[in-house]
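Here's the structure, in structure tokens; my notes come after.
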Amino acid sequence: MTSLEDLRKINARCIHCRACQYAYSNEPDREGESEDFTGMLLSCPSGNIYGWEGYFNSGRMWIARAFLNDEIEPSQEMLEVIEACTTCGLCAEQCPNLIDTVDVIEELRAAIMEAGVEPLNRHKVIGDRVEKEELRNPYNEPREDRTAWFDGVLNKEDAKVAYYVGCTGAYRQQHIAKHTASILRKIGIDFTVLSDEVCCGSPILRTGQKDTFKKVMRENLEMFKDFDMLAFSCAGCYRTFKVDYPKQSGEPLPFEVKHTPDIIFDLITAGKLKIEKPYNKKVTWHDPCHTIRHIGLAIEKEILQKSDNWLIDSRKAKKAKEAWYHRPREVMAAIPGLELTEMYRIKGDSFCCGAGGGVKTQFSEMAMETALERVREAASTGAEVLLTSCPFCITNFSDAVKELKKREEETGEDLSAVGSKLEIVELLELLDQLIE
Amino acid sequence: MSYNKVTDEVVTKLNAICGEKYVTTSVPLLHSYMARGIMGLEAVLPEVVVRPSNADEVSKILVVANENLSPVTPAAGGLSGGFALPAIEPGGILMDLTRMNNMEVDTQNRVMVVEPGVRCGDAWRIFKKRWPDWAPPIPDGAPPGATILGDAIERGFSLVTGKFGPQADMIIGLEIVLPSGEMFRTGSWALEGAKAFYRWGVGPNPDGLFLGSQGSMGIVTKAAIKIVPHPHFKTIVAYGGDSWEHIIEPAWEIGTHEMGIAENTVMVQGGNWPLVMTRWPKTNVPLDYKFYEKIGIDEYWMNSEVWAWSQEELDFVLKRIDETYKEYEVKKKTKCPQQSLHPKQIASRLKKPNLIAVPYGLYQAGFLFITWYCPWLESPKMMEEYCAAMENYGFPPTMWVASIDHARQAIVMPILCFDSDEKGIYDKIREFNLETTKSFLKQGWINYRPDPFVHAPETFTKAKEYYRMLVKFRKVLDPNLILHPGRLAIPWGTVTDLPNPLEGE
């Protein structure tokens, strides 16, 4: 179990140096193609848009400190500032004092609510829906339709692997759920889908609604406890199971969890899978915060937690993190014809898509502005495809490209240089097309 | 001196000046500007934060502050992570100057004009593409969010402090908004249409009043600062020693050349082994020197950063530095071994801006930089005394030292690592500060960045005539004393209970 109080000491490490506002804050000489993408770059989605110190992580850490020291009364106004953050974790990646910034922000949100402040209106709606027996998802869709997309055997008793579909796969991006199931079948995994699956709680935990989160966490842990492995297509669900469930339950997971592209990575690197079909396109890759940075940071922390000499082991921990960041690149390298042209901000320094942490739900303008910036960066590589593997990144980037197309129609201006012609592709969809 | 609280009427006026979007009384946003640690431990909450976009708006805000008698604290990025914060009650108006972030570079006249919000990280990035053969005048050792102007007016480090002295010595013109709202420029810049090319300009130059005052005399809205070429033959060499004396004296031998190799040695800085230890959590790092000795860390060491125009020139300087150390070893019958630095260690020490000063927060979640100046050769005595006092108070003796202007002065900086949750810790630090301050002042050493509550009153108690003059100047420039006390202890009663040196006058 965690709480803001548990993080007091970690929060107190903040000296307000503001390195967290930058990508590559410790790489001033990093070479890039243009002035826009060279050296260190201000890269906090909310801080860049709102400008006030309180919208950067550096300011939020001091709001958290004021809260911990009873110097500030929790309020709706305070929650508005704290919720306008995608919890992308770019700040955590930069922090030389290794502050778990995402944890502090999420626990601060929860603490504000525990003090009696209502969740922000749209966040409350999704929390209520996840609680409702007839829904158990944030999309207001009937619970009985959750597995309508699936043509396999539900609740198969002898399966050792379950595909945890998640609400977005089940209701909004069913084609991705179908592609994932198809991939799992093609690589010979005997799996099932559970009809009782409920929301993983990711958007609920991110927005501070911890009681509801704990309820769904317990249900899911109980439901899936006898499986050996859970496969995921959703980056958010995967991160929640892998990082948050052990942290919030205080218990290690009773099963292994894998994001489906990682299952493919394992097969490719073990020499058990070879992709023959070519994909002759110029591609740029967006690292989803949930599956790349958040997991990488968790790997680093895990190594350090076991170490009694950080001076020696920090290098090993960083190396393990970097190896995790590299994984999707190895999957792409195994695809014949795929020409990868990287964006400037990648891996731990990747710029967020703008959708996470409840931002897309509550602060749609910020989500759009952030996605437009990332799409611009993607377009600057000359790629025709923006590839990623997260339903929220896919939605937000698709919305940004739509917005650019709309602006093109309205103004007659060619916006291809900032991303209007980009094709947004989910890696799972691509892998299903290529794996035979 | 009593101030008035910021009223709704004041906020309305500020809105009219900057636009509602750039004025806030939101309590969480007010708290977000706080900082306690690194550069100072005391701060109070501002009542309103305002983000002007230009000097004209700054001027109008000061007029409003004067009308209402509200204290004003200007801030942007500060240096090494700290920034000026309101220090007296009520907190008044905090002017966040980050929107004023224009910069102009004139390589022909080797000068850069910056507004307060130009950050080191951004300037470095822009220089890399537009002027790769020039170095922006950023501080050495400050994180990317620190600002160039903040560092310069605070007389902080430059990239070439070992050669040219503090960054303030590189300033050749200032644009200042006085507390009354009047604006003027110093140096040649004072002449309409003239460039900032000559610091002493059209007459006696008052800019010293504004340097080191943290905006307590007036708000600097532009600074013209010299830029230097950025030669790409650079390296770091480090030599160890068994005492402070044995790392300080050989560096003095090099510095006294003044020209030649001393000119190439742009930065000289060193420390002791706890400087390595306290960058990691106390609970997860060896606390005994034996471990550090085993991994090749000397008890004391000094780094020299050398810049040259060619490999040949670089090699020559390194050879002469090495010879100097060898001669010193013979003369003093000691050992000053050259450290074998991995290329990654060299690259890391050459990196600017960098995060080198930040991780001391890991040791126990609290740290404070305290900085003193003394003649270079007196610094071993100061550091010995400081380290002993730190250990006496239960702090690890983490010490950093650097040469200013060819080893003329030393900047001595203990890094006080402490547990910010420990009961009574701030009182203990204050007591430590007071004890060392009293002793150091007696020895004629001066605090570089005086704490407004300890160093400044203690110093001015012993520098009455100077304080009297400062107060006179301040009263001329700021009759209502609306600007924050900064390091000046003006008004005296807002920062100390000590007897006012001017009492009875």
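In the structure tokens, chains take letters A, B, ... by order of appearance, with residues numbered from 1 within each chain and ligands from 1 in the order shown.
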Taking only C-alpha atoms into account, produce a table as a tab-separated table in which each residue of chain A with an atom at most 8 Å from an atom of chain B appears once, together with its shortest atom pair and the distance in Å to one decimal, ordered by chain and rising number.
residue	atom	partner	partner_atom	distance
A:Lys9	CA	B:Ala365	CA	6.4
A:Ile10	CA	B:Ala365	CA	7.1
A:Ala12	CA	B:Ala365	CA	5.4
A:Arg13	CA	B:Ala365	CA	4.2
A:Cys14	CA	B:Gly361	CA	7.0
A:Ile15	CA	B:Gly37	CA	6.2
A:His16	CA	B:Gly81	CA	6.0
A:Cys17	CA	B:Gly81	CA	4.0
A:Arg18	CA	B:Gly145	CA	5.5
A:Ala19	CA	B:Pro144	CA	6.0
A:Gln21	CA	B:Gly145	CA	7.9
A:Tyr22	CA	B:Pro144	CA	7.9
A:Ser25	CA	B:Pro144	CA	6.6
A:Asn26	CA	B:Asn354	CA	5.8
A:Glu27	CA	B:Lys351	CA	7.9
A:Pro28	CA	B:Pro353	CA	6.5
A:Asp29	CA	B:Arg125	CA	7.7
A:Ser34	CA	B:Lys129	CA	7.2
A:Glu35	CA	B:Lys129	CA	5.8
A:Thr38	CA	B:Arg125	CA	6.0
A:Gly39	CA	B:Arg125	CA	5.0
A:Met40	CA	B:Gly121	CA	6.1
A:Leu41	CA	B:Asp122	CA	7.2
A:Trp52	CA	B:Leu29	CA	7.3
A:Glu53	CA	B:Ser32	CA	6.0
A:Gly54	CA	B:Ser32	CA	4.8
A:Ser58	CA	B:Ser32	CA	7.6
A:Gly59	CA	B:Ser32	CA	4.0
A:Arg60	CA	B:Ser32	CA	6.0
A:Met61	CA	B:Ser32	CA	7.6
A:Trp62	CA	B:Ser32	CA	5.2
A:Ile63	CA	B:Ser32	CA	5.3
A:Ala66	CA	B:His31	CA	6.9
A:Ile72	CA	B:Pro28	CA	7.4
A:Glu77	CA	B:Pro28	CA	7.6
A:Met78	CA	B:Pro28	CA	5.5
A:Val81	CA	B:Pro28	CA	7.5
A:Pro96	CA	B:Pro359	CA	5.3
A:Asn97	CA	B:Pro359	CA	5.0
A:Leu98	CA	B:Leu362	CA	7.7
A:Ser307	CA	B:Asn284	CA	6.8
A:Asp308	CA	B:Asn284	CA	4.3
A:Asn309	CA	B:Val285	CA	4.5
A:Trp310	CA	B:Asn284	CA	5.9
A:Leu311	CA	B:Val285	CA	6.6
Residues of the last selection are to be written out with C-alpha atoms, as a compact mmCIF listing (two decimals), in the first residue's frame.
# COMPACT_ATOMS: atom_id res chain seq x y z
CA LYS A 9 10.76 11.75 2.36
CA ILE A 10 11.00 11.23 -1.39
CA ALA A 12 11.42 16.27 0.28
CA ARG A 13 14.31 15.53 -2.07
CA CYS A 14 13.02 18.22 -4.45
CA ILE A 15 15.21 21.30 -4.40
CA HIS A 16 13.23 23.05 -7.12
CA CYS A 17 16.08 22.80 -9.64
CA ARG A 18 13.55 22.46 -12.49
CA ALA A 19 15.64 20.00 -14.48
CA GLN A 21 10.92 20.50 -17.08
CA TYR A 22 13.34 19.41 -19.80
CA SER A 25 18.11 17.73 -19.10
CA ASN A 26 21.51 16.14 -18.67
CA GLU A 27 22.43 15.99 -22.34
CA PRO A 28 23.03 19.60 -23.39
CA ASP A 29 25.17 18.52 -26.31
CA SER A 34 17.38 21.55 -36.12
CA GLU A 35 17.33 24.17 -33.39
CA THR A 38 18.66 19.83 -30.33
CA GLY A 39 20.12 19.70 -26.85
CA MET A 40 17.65 19.87 -23.99
CA LEU A 41 14.04 20.83 -24.62
CA TRP A 52 2.65 28.75 -14.38
CA GLU A 53 5.16 27.02 -12.16
CA GLY A 54 2.38 24.96 -10.58
CA SER A 58 8.75 21.26 -10.07
CA GLY A 59 5.84 23.36 -8.82
CA ARG A 60 3.61 20.38 -8.11
CA MET A 61 6.26 18.85 -5.85
CA TRP A 62 6.09 21.98 -3.72
CA ILE A 63 2.30 21.97 -3.67
CA ALA A 66 2.69 22.26 1.35
CA ILE A 72 -2.60 24.38 2.17
CA GLU A 77 -8.89 24.63 -7.36
CA MET A 78 -5.90 22.64 -6.14
CA VAL A 81 -3.89 22.13 -11.05
CA PRO A 96 18.76 13.57 -10.38
CA ASN A 97 17.25 12.96 -6.96
CA LEU A 98 15.19 10.07 -8.32
CA SER A 307 21.13 -2.38 -3.56
CA ASP A 308 23.10 -1.20 -0.54
CA ASN A 309 25.53 0.67 -2.78
CA TRP A 310 23.85 2.92 -5.33
CA LEU A 311 27.15 4.42 -6.36
- Message: Can you tell me which residues surround Trp273 of chain B at a distance of at most 10 Å, considering only C-alpha atoms, apart from same-chain residues fewer than 4 positions away, and format the answer as a count of residues only?
- Response: 14
From a DSSP calculation on the backbone, collect every residue of segment 179-341 of chain A in strand (DSSP E) and output the set as a tab-separated table (two decimals) with N, CA and C atoms, in the first residue's frame.
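Result file is states.tsv:
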chain	number	residue	atom	x	y	z
A	191	PHE	N	-4.87	-19.51	-25.13
A	191	PHE	CA	-5.31	-18.47	-24.18
A	191	PHE	C	-6.82	-18.40	-24.12
A	192	THR	N	-7.27	-17.69	-23.14
A	192	THR	CA	-8.70	-17.44	-23.06
A	192	THR	C	-8.96	-15.98	-22.67
A	229	MET	N	0.10	-16.69	-16.91
A	229	MET	CA	0.50	-15.42	-17.56
A	229	MET	C	-0.72	-14.66	-18.08
A	230	LEU	N	-0.62	-13.35	-18.03
A	230	LEU	CA	-1.65	-12.49	-18.65
A	230	LEU	C	-0.99	-11.73	-19.79
A	231	ALA	N	-1.63	-11.78	-20.95
A	231	ALA	CA	-1.14	-11.00	-22.09
A	231	ALA	C	-2.01	-9.75	-22.23
A	232	PHE	N	-1.38	-8.67	-22.67
A	232	PHE	CA	-2.10	-7.39	-22.77
A	232	PHE	C	-1.92	-6.79	-24.16
A	256	GLU	N	2.53	-13.93	-14.29
A	256	GLU	CA	3.43	-13.10	-15.10
A	256	GLU	C	2.57	-12.19	-15.98
A	257	VAL	N	3.04	-11.00	-16.25
A	257	VAL	CA	2.29	-10.13	-17.17
A	257	VAL	C	3.19	-9.73	-18.34
A	258	LYS	N	2.61	-9.73	-19.53
A	258	LYS	CA	3.40	-9.35	-20.71
A	258	LYS	C	2.55	-8.54	-21.68
A	259	HIS	N	3.16	-7.47	-22.16
A	259	HIS	CA	2.53	-6.72	-23.23
A	259	HIS	C	2.79	-7.52	-24.50
A	282	LYS	N	8.54	4.10	-44.44
A	282	LYS	CA	9.40	4.87	-43.54
A	282	LYS	C	8.58	5.16	-42.28
A	283	VAL	N	9.09	4.71	-41.17
A	283	VAL	CA	8.30	4.71	-39.93
A	283	VAL	C	9.03	5.47	-38.83
A	284	THR	N	8.26	6.20	-38.02
A	284	THR	CA	8.85	6.72	-36.79
A	284	THR	C	8.08	6.12	-35.62
A	285	TRP	N	8.76	5.91	-34.52
A	285	TRP	CA	8.17	5.18	-33.38
A	285	TRP	C	7.95	6.12	-32.21
A	339	GLU	N	11.74	0.99	-42.50
A	339	GLU	CA	12.84	1.95	-42.31
A	339	GLU	C	12.49	2.84	-41.12
A	340	LEU	N	13.22	2.64	-40.04
A	340	LEU	CA	12.93	3.41	-38.82
A	340	LEU	C	13.70	4.73	-38.83
- Message: So that I can check the surroundings of segment 228-230 of chain B, please list as an NGL selection string every protein, DNA and RNA residue that reaches within 12 Å of it, counting only C-alpha atoms and ignoring chain neighbours fewer than 3 positions away.
- Response: :B and (105-112 or 124 or 127-128 or 131-138 or 158-161 or 163-164 or 167 or 170 or 225 or 233-234 or 264 or 266 or 306-309)
Need the shell around segment 200-203 of chain A: protein/DNA/RNA residues with any atom at most 8 Å away, counting only C-alpha atoms. Skip same-chain ones fewer than 6 positions apart. Format as a CSV table (one decimal) with N, CA and C atoms, in the first residue's frame?
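Once written, result.csv looks like this:
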chain,number,residue,atom,x,y,z
A,130,VAL,N,-17.3,2.9,-13.7
A,130,VAL,CA,-16.5,1.7,-13.4
A,130,VAL,C,-17.1,0.9,-12.2
A,166,GLY,N,-9.1,-5.3,-21.6
A,166,GLY,CA,-9.2,-3.9,-21.2
A,166,GLY,C,-10.4,-3.3,-21.8
A,212,THR,N,-12.3,3.1,-5.6
A,212,THR,CA,-12.8,2.4,-6.7
A,212,THR,C,-11.7,1.6,-7.3
A,213,PHE,N,-10.5,2.2,-7.4
A,213,PHE,CA,-9.4,1.4,-8.0
A,213,PHE,C,-9.1,0.1,-7.2
A,214,LYS,N,-9.1,0.3,-5.9
A,214,LYS,CA,-8.7,-0.9,-5.1
A,214,LYS,C,-9.8,-2.0,-5.2
A,216,VAL,N,-11.6,-2.7,-8.0
A,216,VAL,CA,-11.4,-3.4,-9.2
A,216,VAL,C,-10.1,-4.2,-9.2
A,217,MET,N,-9.1,-3.7,-8.6
A,217,MET,CA,-7.8,-4.4,-8.5
A,217,MET,C,-8.0,-5.7,-7.8
A,220,ASN,N,-9.9,-8.2,-10.0
A,220,ASN,CA,-9.1,-8.7,-11.1
A,220,ASN,C,-8.0,-9.7,-10.6
A,236,GLY,N,-1.9,0.9,-21.0
A,236,GLY,CA,-2.4,1.4,-19.6
A,236,GLY,C,-2.7,0.2,-18.7
A,237,CYS,N,-3.4,-0.8,-19.2
A,237,CYS,CA,-3.8,-2.0,-18.4
A,237,CYS,C,-2.5,-2.7,-18.0
A,240,THR,N,-0.7,-0.9,-15.3
A,240,THR,CA,-1.4,-0.9,-14.0
A,240,THR,C,-1.2,-2.3,-13.3
A,241,PHE,N,-1.3,-3.3,-14.1
A,241,PHE,CA,-1.1,-4.7,-13.5
A,241,PHE,C,0.3,-4.8,-13.0
A,357,GLY,N,-3.2,10.0,-17.8
A,357,GLY,CA,-3.4,10.7,-16.5
A,357,GLY,C,-4.8,11.3,-16.3
A,358,GLY,N,-5.7,11.0,-17.2
A,358,GLY,CA,-7.1,11.6,-17.2
A,358,GLY,C,-7.2,12.9,-17.9
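Here the question is which of A:Ala92, A:Ile263, A:Ile204, A:Ala371 gets nearest to Ala110 of chain A using only C-alpha atoms, and that residue is A:Ile204.
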- Message: Please determine, counting only C-alpha atoms, which residue among A:Gly208, A:Pro254, A:Gly382, A:Pro391 has the shortest atom-to-atom distance to Cys234 of chain A.
- Response: A:Pro391
- Item | Shell around segment 404-420 of chain A at 12 Å using only C-alpha atoms, local window under 4 positions removed, as JSON, numbers by chain | {"A": [284, 368, 369, 371, 372, 373, 374, 375, 376, 377, 378, 379, 380, 381, 382, 383, 384, 385, 386, 397, 398, 399, 400, 424]}
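With atom CA of Thr459 of chain B on one side and atom CA of Pro501 of chain B on the other, the separation reads 10.6 Å.
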- Record the distance separating atom CA of Asp151 of chain A and atom CA of Ser233 of chain A, expressed in Å with one decimal. 16.8 Å
- Message: Give me, as a ChimeraX atom specification, all polymer residues having an atom no more than 6 Å from Val44 of chain B, counting only C-alpha atoms and skipping those fewer than 2 positions away in the same chain.
- Response: /B:86-87,91
